[in-house]
Amino acid sequence: MRGDLVVQEPETRTRETVDAAEDARACAPESAQASRRADWRRVRQDLVLVPLVFVVVVGLWQVVSATELVNPIILPTPSSIAVSFWSLIRADWFLPHLYTTVAETVIGFVIGCGAGVILGIMIATMKFFRRLAYPYVIAFQVVPKVVLAPIFLTWFGFGMSSKIALAAAICFFPVLVNTVLGLESVEENAVLLMRSLVATKRQTFTKVAFPHALPAIFAGLETSATIALIGALVGEFITAKRGLGLLLTTFNMQLKISWVFATIVVISFVGLVLYGSVVYARYRIVFWQRDWQKEAQ
Amino acid sequence: MGTPPMSAARSPEDVSASVASEPDIAIAVDEVDKVYSTRQGNVVALQGASLHVDRHSFVSLVGPSGCGKSTLLKIIGGLLTKTRGTVRVNGEEVTAPSRDIGIMFQTPTLFPWRTVLDNVLLPVEVFGKDKKGFLPQAREVLRLVGLGEFEGCYPRELSGGMQQRVALSRLLIFEPHLLLMDEPFGALDEFNRERLNLEILRVWTEISQTILFVTHNIMEAVFLSDRLYVMSCAPGRVVGIVDVPLPRPRTFASMHEPLFADKVYEARELLGVAR
């Protein structure tokens, strides 16, 4: 039945070593180099094609509004937006507005996400607390958080705190839900392993459950990073002393549409930096789940 | 391995207790029932299961999937409660998991954020011992399973077979007296499984601990074991014992001895009669 597999002990060892050597090569950087070269070729193509799309779209836009096919008051030309953008970022009154919105967003993000992780851990680890709190969490989750903006302005005033509160409220739920999901999806055998080692609950949490939940938590953080700005801006739209949202509504009422677009560019840039920072943090911290590694294998 | 066992030395009472019962019996399971209550009513997973495993021997539980092999293994490991009967490991009644018993699953259950070395050192950390002090032992057990050069790799960089070897090293480092293995190579391909079977026999002769091995592969069970407990389904129960007096060390050539074929046939017949 297994006649072709008659191998004496010493020979088996040799086969082992050969296989181990092959395995070692699979682990070595040489094989990764080829796939990295292919990656690089794709990246170079993207570096040409993606900007090309931008140039074509913006070129068409320039033509359409410069020839007044569309009223330039409604749709200003890209060149006029560029001029407004340059004037905006060099204006001496601009930086306080930028700082205000960035500070509101970042502080709100940190508070909201911190609360989300802590409450998520409590819900996932304390059964009784979960039974009490989770129904309210779910019920509150369906409320569009922007409806809180007027109340928060009443409670926390027209300054930064009301915007921070709104950003925090928006960031809170994605992180909470993902933390609970991540902590609950721990592999059953990993928990059994810890039980067989007579580990304490605390050890099982810090050594298994929490690291295991980190990819899910970061998924929540990424979602929150993209929506944190909404909280700050909506608050500023209603009433504010300073902020990019205030700038935007002011320019809009003055019909300085090219300045509105310029402000949008600044806001997008702020959002991009915030999101990018979270992605970078995930890349460093959850190093065992890098997407590019998955693709390469 | 020449290193002192990590688990605390047994107290005199325990020793006298195990002497009072049979001293050479590592596992004594008597008339164990396991009944699960479900919404549809009670499900009998195990009925009157009994087995005795001699110290330093290699014993397999073999039977079709879902016949309660894993359930029995987890009861012996203290990870599941039993409904009736007694389970003694080294003369002591099992009521909870013990650091004297190591368990290995079908999945390697390595932590992807830890290097191979740190995965092996996990039990040391959990036991609250000095990790640095155990580095030589960790490297020694990795060398024992042929992974000496891979201590810095992450689990994802290793093949399934190599991952199971790491899982084995993680057991060996804390030197439990009893190793429970729940189809440890069931997820591997045939070639890797056979390689690891030889490997496990080699490791077993070096460490001389007791191994209880669960599998649904009769030939694997006969090849590895001193004794087979053949189990059958619905309800899960032991239907027979097959002793395998094949000489050791065993190689693939052992599979060509007439006794090997006899023993495989004997186990098959037990399963056939049971159905």
# chains A, B, ... in the order shown; residues from 1 in each chain; ligands from 1
$ residues_around --residues "Asn119 (chain B)" --least-positions-apart "6" --cutoff "9 Å" --atoms "only C-alpha atoms" --output "list of chain:residue names"
B:Leu110, B:Phe111, B:Pro112, B:Trp113, B:Pro155, B:Val166, B:Ala167, B:Arg170
$ interface_residues --of "chain B" --to "chain A" --cutoff "8 Å" --atoms "only C-alpha atoms" --output "NGL selection string"
:B and (77-79 or 97-99 or 101-103 or 105 or 107 or 109 or 111-113 or 123 or 126-127 or 157-159 or 195 or 251-253)
$ write_last_selection --atoms "C-alpha atoms" --output "tab-separated table (two decimals), in the first residue's frame"
chain	number	residue	atom	x	y	z
B	77	GLY	CA	-7.21	17.65	30.15
B	78	GLY	CA	-9.67	19.27	32.56
B	79	LEU	CA	-11.02	21.53	29.81
B	97	PRO	CA	-6.70	22.14	33.81
B	98	SER	CA	-3.25	21.38	35.18
B	99	ARG	CA	0.21	22.56	34.18
B	101	ILE	CA	-0.81	18.24	31.20
B	102	GLY	CA	-0.02	19.76	27.81
B	103	ILE	CA	-2.52	19.81	24.97
B	105	PHE	CA	-4.87	20.88	18.75
B	107	THR	CA	-4.76	23.98	14.47
B	109	THR	CA	-2.85	28.07	17.44
B	111	PHE	CA	0.07	33.91	17.77
B	112	PRO	CA	0.94	35.78	14.56
B	113	TRP	CA	2.32	38.81	16.45
B	123	PRO	CA	3.98	29.09	28.68
B	126	VAL	CA	2.07	32.61	31.59
B	127	PHE	CA	3.73	30.74	34.46
B	157	GLU	CA	6.40	32.60	7.13
B	158	LEU	CA	6.27	28.88	8.02
B	159	SER	CA	4.43	25.97	6.38
B	195	ARG	CA	7.13	13.05	8.31
B	251	THR	CA	10.27	3.20	10.78
B	252	PHE	CA	8.17	3.11	7.64
B	253	ALA	CA	9.47	-0.45	7.24
$ residues_around --residues "Leu248 (chain A)" --least-positions-apart "4" --cutoff "7 Å" --atoms "only C-alpha atoms" --output "VMD selection string"
chain A and resid 244 252 260 263
$ write_last_selection --atoms "N, CA and C atoms" --output "CSV table (one decimal), in the first residue's frame"
chain,number,residue,atom,x,y,z
A,244,LEU,N,-12.4,76.0,9.9
A,244,LEU,CA,-12.5,75.9,8.5
A,244,LEU,C,-14.0,75.9,8.0
A,252,ASN,N,-19.1,81.1,1.2
A,252,ASN,CA,-20.3,80.7,0.5
A,252,ASN,C,-21.3,81.8,0.4
A,260,VAL,N,-14.5,79.0,-1.6
A,260,VAL,CA,-15.1,77.8,-1.0
A,260,VAL,C,-14.4,76.5,-1.5
A,263,THR,N,-11.1,76.2,0.2
A,263,THR,CA,-11.3,75.7,1.6
A,263,THR,C,-11.5,74.2,1.6
$ residues_around --residues "Val230 (chain B)" --least-positions-apart "6" --cutoff "9 Å" --atoms "only C-alpha atoms" --output "ChimeraX atom specification"
/B:60-63,237-242,267,270-271
$ write_last_selection --atoms "C-alpha atoms" --output "short mmCIF file (atom, residue, chain, number, x, y, z; two decimals), in the first residue's frame"
data_model
loop_
_atom_site.label_atom_id
_atom_site.label_comp_id
_atom_site.auth_asym_id
_atom_site.auth_seq_id
_atom_site.Cartn_x
_atom_site.Cartn_y
_atom_site.Cartn_z
CA SER B 60 -4.16 6.39 20.63
CA LEU B 61 -7.88 6.99 20.64
CA VAL B 62 -9.12 6.04 17.21
CA GLY B 63 -12.59 6.20 15.73
CA ARG B 237 -17.99 4.58 23.65
CA VAL B 238 -14.89 2.39 23.69
CA VAL B 239 -15.60 -0.76 21.71
CA GLY B 240 -12.24 -2.46 21.95
CA ILE B 241 -8.55 -2.39 22.68
CA VAL B 242 -5.77 -3.27 20.27
CA ALA B 267 -8.96 -2.31 14.56
CA LEU B 270 -13.70 -3.67 15.80
CA LEU B 271 -15.07 -0.61 14.03
#
$ residues_around --residues "region 218-234 of chain A" --least-positions-apart "5" --cutoff "9 Å" --atoms "only C-alpha atoms" --output "VMD selection string"
chain A and resid 101 to 102 104 to 106 108 to 109 112 to 113 145 to 146 149 160 162 to 179 213 239 243 to 246 267 270 to 272 274 to 276 278 to 279 281 to 282 286
$ write_last_selection --atoms "C-alpha atoms" --output "PDB file, in the first residue's frame"
ATOM      1  CA  THR A 101     -10.500  72.640  13.151  1.00  0.00           C
ATOM      2  CA  VAL A 102      -7.502  70.283  13.315  1.00  0.00           C
ATOM      3  CA  GLU A 104     -11.166  69.911  17.446  1.00  0.00           C
ATOM      4  CA  THR A 105     -10.993  66.932  15.115  1.00  0.00           C
ATOM      5  CA  VAL A 106      -7.917  65.305  16.650  1.00  0.00           C
ATOM      6  CA  GLY A 108     -12.514  64.603  19.471  1.00  0.00           C
ATOM      7  CA  PHE A 109     -11.069  61.590  17.642  1.00  0.00           C
ATOM      8  CA  GLY A 112     -14.246  59.264  21.102  1.00  0.00           C
ATOM      9  CA  CYS A 113     -11.978  56.373  20.094  1.00  0.00           C
ATOM     10  CA  LYS A 145     -24.995  61.893  15.349  1.00  0.00           C
ATOM     11  CA  VAL A 146     -25.331  65.321  13.635  1.00  0.00           C
ATOM     12  CA  ALA A 149     -24.989  69.348  17.160  1.00  0.00           C
ATOM     13  CA  MET A 160     -14.118  74.369  20.594  1.00  0.00           C
ATOM     14  CA  SER A 162     -18.955  71.625  21.474  1.00  0.00           C
ATOM     15  CA  LYS A 163     -17.193  70.618  18.246  1.00  0.00           C
ATOM     16  CA  ILE A 164     -14.865  68.277  20.118  1.00  0.00           C
ATOM     17  CA  ALA A 165     -17.903  66.634  21.731  1.00  0.00           C
ATOM     18  CA  LEU A 166     -19.600  66.177  18.374  1.00  0.00           C
ATOM     19  CA  ALA A 167     -16.463  64.724  16.740  1.00  0.00           C
ATOM     20  CA  ALA A 168     -16.070  62.376  19.713  1.00  0.00           C
ATOM     21  CA  ALA A 169     -19.707  61.240  19.495  1.00  0.00           C
ATOM     22  CA  ILE A 170     -19.267  60.440  15.804  1.00  0.00           C
ATOM     23  CA  CYS A 171     -15.965  58.567  16.334  1.00  0.00           C
ATOM     24  CA  PHE A 172     -17.241  56.571  19.278  1.00  0.00           C
ATOM     25  CA  PHE A 173     -19.493  53.949  17.688  1.00  0.00           C
ATOM     26  CA  PRO A 174     -17.408  52.476  14.871  1.00  0.00           C
ATOM     27  CA  VAL A 175     -14.573  51.889  17.347  1.00  0.00           C
ATOM     28  CA  LEU A 176     -16.866  50.470  20.038  1.00  0.00           C
ATOM     29  CA  VAL A 177     -18.578  48.017  17.698  1.00  0.00           C
ATOM     30  CA  ASN A 178     -15.314  46.861  16.125  1.00  0.00           C
ATOM     31  CA  THR A 179     -13.653  46.436  19.517  1.00  0.00           C
ATOM     32  CA  ALA A 213      -8.761  42.312  18.356  1.00  0.00           C
ATOM     33  CA  THR A 239     -22.005  78.547  15.062  1.00  0.00           C
ATOM     34  CA  GLY A 243     -12.589  77.128  12.054  1.00  0.00           C
ATOM     35  CA  LEU A 244     -12.519  75.913   8.458  1.00  0.00           C
ATOM     36  CA  GLY A 245     -16.281  75.246   8.593  1.00  0.00           C
ATOM     37  CA  LEU A 246     -16.860  78.891   9.528  1.00  0.00           C
ATOM     38  CA  ILE A 267     -10.267  70.275   4.460  1.00  0.00           C
ATOM     39  CA  VAL A 270      -6.568  67.612   6.658  1.00  0.00           C
ATOM     40  CA  GLY A 271      -8.766  64.497   6.311  1.00  0.00           C
ATOM     41  CA  LEU A 272      -6.133  62.768   4.218  1.00  0.00           C
ATOM     42  CA  LEU A 274      -5.517  62.190   9.639  1.00  0.00           C
ATOM     43  CA  TYR A 275      -6.562  59.031   7.805  1.00  0.00           C
ATOM     44  CA  GLY A 276      -3.012  58.447   6.580  1.00  0.00           C
ATOM     45  CA  VAL A 278      -4.077  56.007  11.317  1.00  0.00           C
ATOM     46  CA  VAL A 279      -3.247  53.750   8.359  1.00  0.00           C
ATOM     47  CA  ALA A 281      -0.087  53.420  12.777  1.00  0.00           C
ATOM     48  CA  ARG A 282      -1.969  50.256  11.814  1.00  0.00           C
ATOM     49  CA  VAL A 286      -0.679  45.358  13.328  1.00  0.00           C
TER      50      VAL A 286
END
$ residues_around --residues "Arg242 (chain A)" --least-positions-apart "6" --cutoff "9 Å" --atoms "only C-alpha atoms" --output "list in words"
Pro96, His97, Leu98, Thr100, Thr101, Gly159, Met160 and Glu236 of chain A
$ write_last_selection --atoms "N, CA and C atoms" --output "tab-separated table (two decimals), in the first residue's frame"
chain	number	residue	atom	x	y	z
A	96	PRO	N	-5.02	80.30	12.27
A	96	PRO	CA	-5.87	80.05	13.45
A	96	PRO	C	-7.10	79.20	13.11
A	97	HIS	N	-7.70	79.47	11.92
A	97	HIS	CA	-8.85	78.66	11.51
A	97	HIS	C	-8.45	77.20	11.32
A	98	LEU	N	-7.32	77.00	10.64
A	98	LEU	CA	-6.85	75.63	10.39
A	98	LEU	C	-6.56	74.92	11.72
A	100	THR	N	-7.71	75.49	14.67
A	100	THR	CA	-8.92	75.23	15.44
A	100	THR	C	-9.59	73.94	14.97
A	101	THR	N	-9.80	73.83	13.66
A	101	THR	CA	-10.50	72.64	13.15
A	101	THR	C	-9.67	71.38	13.37
A	159	GLY	N	-17.60	77.65	21.58
A	159	GLY	CA	-16.16	77.45	21.36
A	159	GLY	C	-15.83	76.06	20.87
A	160	MET	N	-14.60	75.64	21.13
A	160	MET	CA	-14.12	74.37	20.59
A	160	MET	C	-14.78	73.15	21.24
A	236	GLU	N	-19.15	73.72	13.36
A	236	GLU	CA	-18.72	75.04	12.92
A	236	GLU	C	-19.71	75.68	11.95
$ atom_distance --atom1 "CA of Leu121 (chain B)" --atom2 "CA of Ser169 (chain B)"
9.2 Å
$ select_by_dssp --residues "region 168-202 of chain B" --states "strand (DSSP E or B)" --output "PyMOL selection string"
chain B and resi 178-182
$ write_last_selection --atoms "N, CA and C atoms" --output "compact mmCIF listing (two decimals), in the first residue's frame"
# COMPACT_ATOMS: atom_id res chain seq x y z
N LEU B 178 2.22 14.65 30.82
CA LEU B 178 1.28 14.00 29.91
C LEU B 178 1.02 14.94 28.73
N LEU B 179 1.15 14.42 27.51
CA LEU B 179 0.85 15.20 26.32
C LEU B 179 -0.44 14.69 25.69
N LEU B 180 -1.42 15.57 25.54
CA LEU B 180 -2.67 15.20 24.89
C LEU B 180 -2.66 15.82 23.50
N MET B 181 -2.85 14.99 22.46
CA MET B 181 -2.77 15.50 21.09
C MET B 181 -4.06 15.20 20.36
N ASP B 182 -4.75 16.27 19.97
CA ASP B 182 -6.06 16.14 19.35
C ASP B 182 -5.92 16.27 17.83
$ atom_distance --atom1 "CA of Lys201 (chain A)" --atom2 "CA of Ala124 (chain A)"
12.8 Å
$ select_by_dssp --residues "region 24-103 of chain A" --states "alpha helix (DSSP H)" --output "PyMOL selection string"
chain A and resi 24-27+29-66+78-90+94-103
$ write_last_selection --atoms "C-alpha atoms" --output "PDB file, in the first residue's frame"
ATOM      1  CA  ALA A  24      14.512  28.665   4.507  1.00  0.00           C
ATOM      2  CA  ARG A  25      14.825  29.943   0.970  1.00  0.00           C
ATOM      3  CA  ALA A  26      11.079  30.607   0.861  1.00  0.00           C
ATOM      4  CA  CYS A  27      11.568  32.735   3.936  1.00  0.00           C
ATOM      5  CA  PRO A  29      14.334  37.995   0.780  1.00  0.00           C
ATOM      6  CA  GLU A  30      15.431  36.727  -2.697  1.00  0.00           C
ATOM      7  CA  SER A  31      12.047  35.256  -3.631  1.00  0.00           C
ATOM      8  CA  ALA A  32      10.337  38.364  -2.327  1.00  0.00           C
ATOM      9  CA  GLN A  33      12.521  40.471  -4.617  1.00  0.00           C
ATOM     10  CA  ALA A  34      10.889  39.193  -7.815  1.00  0.00           C
ATOM     11  CA  SER A  35       7.402  39.950  -6.589  1.00  0.00           C
ATOM     12  CA  ARG A  36       8.601  43.308  -5.317  1.00  0.00           C
ATOM     13  CA  ARG A  37       9.957  44.116  -8.806  1.00  0.00           C
ATOM     14  CA  ALA A  38       6.526  43.293 -10.259  1.00  0.00           C
ATOM     15  CA  ASP A  39       4.931  45.500  -7.612  1.00  0.00           C
ATOM     16  CA  TRP A  40       7.282  48.328  -8.524  1.00  0.00           C
ATOM     17  CA  ARG A  41       6.389  48.046 -12.219  1.00  0.00           C
ATOM     18  CA  ARG A  42       2.708  48.374 -11.313  1.00  0.00           C
ATOM     19  CA  VAL A  43       3.426  51.320  -9.043  1.00  0.00           C
ATOM     20  CA  ARG A  44       5.311  53.079 -11.884  1.00  0.00           C
ATOM     21  CA  GLN A  45       2.339  52.599 -14.231  1.00  0.00           C
ATOM     22  CA  ASP A  46       0.029  53.973 -11.553  1.00  0.00           C
ATOM     23  CA  LEU A  47       2.318  56.961 -11.083  1.00  0.00           C
ATOM     24  CA  VAL A  48       1.720  57.889 -14.713  1.00  0.00           C
ATOM     25  CA  LEU A  49      -1.911  56.868 -15.239  1.00  0.00           C
ATOM     26  CA  VAL A  50      -3.494  58.253 -12.086  1.00  0.00           C
ATOM     27  CA  PRO A  51      -2.161  61.831 -12.535  1.00  0.00           C
ATOM     28  CA  LEU A  52      -3.133  61.613 -16.206  1.00  0.00           C
ATOM     29  CA  VAL A  53      -6.791  61.166 -15.240  1.00  0.00           C
ATOM     30  CA  PHE A  54      -6.476  64.230 -13.001  1.00  0.00           C
ATOM     31  CA  VAL A  55      -4.956  66.334 -15.796  1.00  0.00           C
ATOM     32  CA  VAL A  56      -7.667  65.311 -18.281  1.00  0.00           C
ATOM     33  CA  VAL A  57     -10.581  65.982 -15.884  1.00  0.00           C
ATOM     34  CA  VAL A  58      -9.207  69.318 -14.672  1.00  0.00           C
ATOM     35  CA  GLY A  59      -8.379  70.333 -18.274  1.00  0.00           C
ATOM     36  CA  LEU A  60     -11.966  69.651 -19.394  1.00  0.00           C
ATOM     37  CA  TRP A  61     -13.288  71.509 -16.349  1.00  0.00           C
ATOM     38  CA  GLN A  62     -11.051  74.511 -17.185  1.00  0.00           C
ATOM     39  CA  VAL A  63     -12.337  74.558 -20.756  1.00  0.00           C
ATOM     40  CA  VAL A  64     -15.986  74.210 -19.728  1.00  0.00           C
ATOM     41  CA  SER A  65     -15.985  77.078 -17.232  1.00  0.00           C
ATOM     42  CA  ALA A  66     -13.446  79.334 -19.033  1.00  0.00           C
ATOM     43  CA  PRO A  78      -9.554  75.289 -11.655  1.00  0.00           C
ATOM     44  CA  SER A  79      -7.014  78.055 -12.273  1.00  0.00           C
ATOM     45  CA  SER A  80      -9.028  80.557 -10.229  1.00  0.00           C
ATOM     46  CA  ILE A  81      -9.401  77.963  -7.463  1.00  0.00           C
ATOM     47  CA  ALA A  82      -5.633  77.504  -7.498  1.00  0.00           C
ATOM     48  CA  VAL A  83      -5.144  81.265  -7.177  1.00  0.00           C
ATOM     49  CA  SER A  84      -7.665  81.428  -4.289  1.00  0.00           C
ATOM     50  CA  PHE A  85      -5.997  78.470  -2.610  1.00  0.00           C
ATOM     51  CA  TRP A  86      -2.599  80.168  -2.786  1.00  0.00           C
ATOM     52  CA  SER A  87      -4.030  83.404  -1.360  1.00  0.00           C
ATOM     53  CA  LEU A  88      -5.925  81.495   1.338  1.00  0.00           C
ATOM     54  CA  ILE A  89      -3.012  79.556   2.744  1.00  0.00           C
ATOM     55  CA  ARG A  90      -0.810  82.675   2.739  1.00  0.00           C
ATOM     56  CA  PHE A  94      -5.874  81.506   7.867  1.00  0.00           C
ATOM     57  CA  LEU A  95      -3.703  79.499  10.307  1.00  0.00           C
ATOM     58  CA  PRO A  96      -5.866  80.047  13.448  1.00  0.00           C
ATOM     59  CA  HIS A  97      -8.852  78.659  11.507  1.00  0.00           C
ATOM     60  CA  LEU A  98      -6.849  75.630  10.391  1.00  0.00           C
ATOM     61  CA  TYR A  99      -5.459  74.991  13.888  1.00  0.00           C
ATOM     62  CA  THR A 100      -8.923  75.234  15.439  1.00  0.00           C
ATOM     63  CA  THR A 101     -10.500  72.640  13.151  1.00  0.00           C
ATOM     64  CA  VAL A 102      -7.502  70.283  13.315  1.00  0.00           C
ATOM     65  CA  ALA A 103      -7.419  70.514  17.117  1.00  0.00           C
TER      66      ALA A 103
END
$ residues_around --residues "Met122 (chain A)" --least-positions-apart "4" --cutoff "12 Å" --atoms "only C-alpha atoms" --output "mmCIF file with N, CA and C atoms, in the first residue's frame"
data_model
loop_
_atom_site.group_PDB
_atom_site.id
_atom_site.type_symbol
_atom_site.label_atom_id
_atom_site.label_comp_id
_atom_site.auth_asym_id
_atom_site.auth_seq_id
_atom_site.Cartn_x
_atom_site.Cartn_y
_atom_site.Cartn_z
ATOM 1 N N ALA A 115 -12.827 56.272 24.378
ATOM 2 C CA ALA A 115 -14.041 55.826 25.066
ATOM 3 C C ALA A 115 -14.604 54.579 24.394
ATOM 4 N N GLY A 116 -14.554 54.552 23.049
ATOM 5 C CA GLY A 116 -15.072 53.392 22.309
ATOM 6 C C GLY A 116 -14.324 52.121 22.664
ATOM 7 N N VAL A 117 -12.973 52.198 22.735
ATOM 8 C CA VAL A 117 -12.175 51.016 23.053
ATOM 9 C C VAL A 117 -12.462 50.562 24.491
ATOM 10 N N ILE A 118 -12.494 51.524 25.413
ATOM 11 C CA ILE A 118 -12.684 51.158 26.827
ATOM 12 C C ILE A 118 -14.064 50.534 27.047
ATOM 13 N N MET A 126 -17.357 41.807 30.355
ATOM 14 C CA MET A 126 -18.255 41.686 31.508
ATOM 15 C C MET A 126 -19.664 41.382 31.019
ATOM 16 N N LYS A 127 -20.062 40.132 31.224
ATOM 17 C CA LYS A 127 -21.334 39.674 30.667
ATOM 18 C C LYS A 127 -22.515 40.503 31.174
ATOM 19 N N PHE A 128 -22.482 40.801 32.488
ATOM 20 C CA PHE A 128 -23.613 41.519 33.074
ATOM 21 C C PHE A 128 -23.699 42.937 32.498
ATOM 22 N N PHE A 129 -22.534 43.581 32.402
ATOM 23 C CA PHE A 129 -22.490 44.929 31.849
ATOM 24 C C PHE A 129 -22.980 44.921 30.399
ATOM 25 N N ARG A 130 -22.609 43.879 29.675
ATOM 26 C CA ARG A 130 -23.018 43.759 28.292
ATOM 27 C C ARG A 130 -24.540 43.721 28.180
ATOM 28 N N ARG A 131 -25.155 42.916 29.067
ATOM 29 C CA ARG A 131 -26.618 42.800 29.016
ATOM 30 C C ARG A 131 -27.283 44.136 29.304
ATOM 31 N N LEU A 132 -26.686 44.887 30.236
ATOM 32 C CA LEU A 132 -27.263 46.186 30.585
ATOM 33 C C LEU A 132 -27.049 47.215 29.482
ATOM 34 N N ALA A 133 -25.828 47.279 28.961
ATOM 35 C CA ALA A 133 -25.443 48.420 28.131
ATOM 36 C C ALA A 133 -25.685 48.220 26.636
ATOM 37 N N TYR A 134 -25.521 46.979 26.153
ATOM 38 C CA TYR A 134 -25.499 46.804 24.710
ATOM 39 C C TYR A 134 -26.793 47.217 24.006
ATOM 40 N N LEU A 176 -16.230 51.330 19.042
ATOM 41 C CA LEU A 176 -16.866 50.470 20.038
ATOM 42 C C LEU A 176 -17.294 49.138 19.417
ATOM 43 N N VAL A 177 -18.035 49.228 18.315
ATOM 44 C CA VAL A 177 -18.578 48.017 17.698
ATOM 45 C C VAL A 177 -17.449 47.101 17.227
ATOM 46 N N THR A 179 -14.373 46.986 18.369
ATOM 47 C CA THR A 179 -13.653 46.436 19.517
ATOM 48 C C THR A 179 -14.383 45.203 20.054
ATOM 49 N N VAL A 180 -15.705 45.329 20.210
ATOM 50 C CA VAL A 180 -16.490 44.193 20.706
ATOM 51 C C VAL A 180 -16.374 43.009 19.737
ATOM 52 N N LEU A 183 -12.847 41.406 19.916
ATOM 53 C CA LEU A 183 -12.603 40.652 21.148
ATOM 54 C C LEU A 183 -13.416 39.363 21.169
ATOM 55 N N GLU A 184 -14.565 39.366 20.478
ATOM 56 C CA GLU A 184 -15.405 38.172 20.518
ATOM 57 C C GLU A 184 -15.045 37.140 19.465
ATOM 58 N N PHE A 205 -6.534 37.937 28.399
ATOM 59 C CA PHE A 205 -6.926 39.168 27.713
ATOM 60 C C PHE A 205 -5.727 39.860 27.076
#
$ atom_distance --atom1 "CA of Ser185 (chain A)" --atom2 "CA of Met162 (chain B)"
25.0 Å
$ decode --residues "region 201-215 of chain A" --atoms "N, CA and C atoms" --output "PDB file, in the first residue's frame"
ATOM      1  N   LYS A 201      -7.389  35.308  33.829  1.00  0.00           N
ATOM      2  CA  LYS A 201      -8.236  36.006  32.871  1.00  0.00           C
ATOM      3  C   LYS A 201      -7.498  37.190  32.261  1.00  0.00           C
ATOM      4  N   ARG A 202      -6.736  37.859  33.125  1.00  0.00           N
ATOM      5  CA  ARG A 202      -5.985  39.026  32.686  1.00  0.00           C
ATOM      6  C   ARG A 202      -4.945  38.646  31.627  1.00  0.00           C
ATOM      7  N   GLN A 203      -4.238  37.523  31.874  1.00  0.00           N
ATOM      8  CA  GLN A 203      -3.247  37.054  30.900  1.00  0.00           C
ATOM      9  C   GLN A 203      -3.910  36.701  29.575  1.00  0.00           C
ATOM     10  N   THR A 204      -5.053  36.008  29.653  1.00  0.00           N
ATOM     11  CA  THR A 204      -5.747  35.640  28.429  1.00  0.00           C
ATOM     12  C   THR A 204      -6.154  36.889  27.658  1.00  0.00           C
ATOM     13  N   PHE A 205      -6.534  37.937  28.399  1.00  0.00           N
ATOM     14  CA  PHE A 205      -6.926  39.168  27.713  1.00  0.00           C
ATOM     15  C   PHE A 205      -5.727  39.860  27.076  1.00  0.00           C
ATOM     16  N   THR A 206      -4.664  40.066  27.863  1.00  0.00           N
ATOM     17  CA  THR A 206      -3.548  40.864  27.343  1.00  0.00           C
ATOM     18  C   THR A 206      -2.716  40.097  26.325  1.00  0.00           C
ATOM     19  N   LYS A 207      -2.592  38.781  26.472  1.00  0.00           N
ATOM     20  CA  LYS A 207      -1.729  38.026  25.574  1.00  0.00           C
ATOM     21  C   LYS A 207      -2.462  37.473  24.353  1.00  0.00           C
ATOM     22  N   VAL A 208      -3.789  37.301  24.447  1.00  0.00           N
ATOM     23  CA  VAL A 208      -4.513  36.696  23.331  1.00  0.00           C
ATOM     24  C   VAL A 208      -5.610  37.616  22.788  1.00  0.00           C
ATOM     25  N   ALA A 209      -6.593  37.926  23.631  1.00  0.00           N
ATOM     26  CA  ALA A 209      -7.793  38.588  23.118  1.00  0.00           C
ATOM     27  C   ALA A 209      -7.494  39.975  22.556  1.00  0.00           C
ATOM     28  N   PHE A 210      -6.750  40.795  23.305  1.00  0.00           N
ATOM     29  CA  PHE A 210      -6.531  42.166  22.849  1.00  0.00           C
ATOM     30  C   PHE A 210      -5.676  42.240  21.580  1.00  0.00           C
ATOM     31  N   PRO A 211      -4.528  41.560  21.529  1.00  0.00           N
ATOM     32  CA  PRO A 211      -3.771  41.594  20.269  1.00  0.00           C
ATOM     33  C   PRO A 211      -4.602  41.059  19.100  1.00  0.00           C
ATOM     34  N   HIS A 212      -5.394  40.020  19.378  1.00  0.00           N
ATOM     35  CA  HIS A 212      -6.219  39.458  18.325  1.00  0.00           C
ATOM     36  C   HIS A 212      -7.244  40.480  17.822  1.00  0.00           C
ATOM     37  N   ALA A 213      -7.728  41.336  18.728  1.00  0.00           N
ATOM     38  CA  ALA A 213      -8.761  42.312  18.356  1.00  0.00           C
ATOM     39  C   ALA A 213      -8.174  43.544  17.668  1.00  0.00           C
ATOM     40  N   LEU A 214      -6.855  43.730  17.734  1.00  0.00           N
ATOM     41  CA  LEU A 214      -6.251  44.952  17.200  1.00  0.00           C
ATOM     42  C   LEU A 214      -6.589  45.235  15.730  1.00  0.00           C
ATOM     43  N   PRO A 215      -6.540  44.234  14.828  1.00  0.00           N
ATOM     44  CA  PRO A 215      -6.910  44.549  13.438  1.00  0.00           C
ATOM     45  C   PRO A 215      -8.328  45.101  13.334  1.00  0.00           C
TER      46      PRO A 215
END
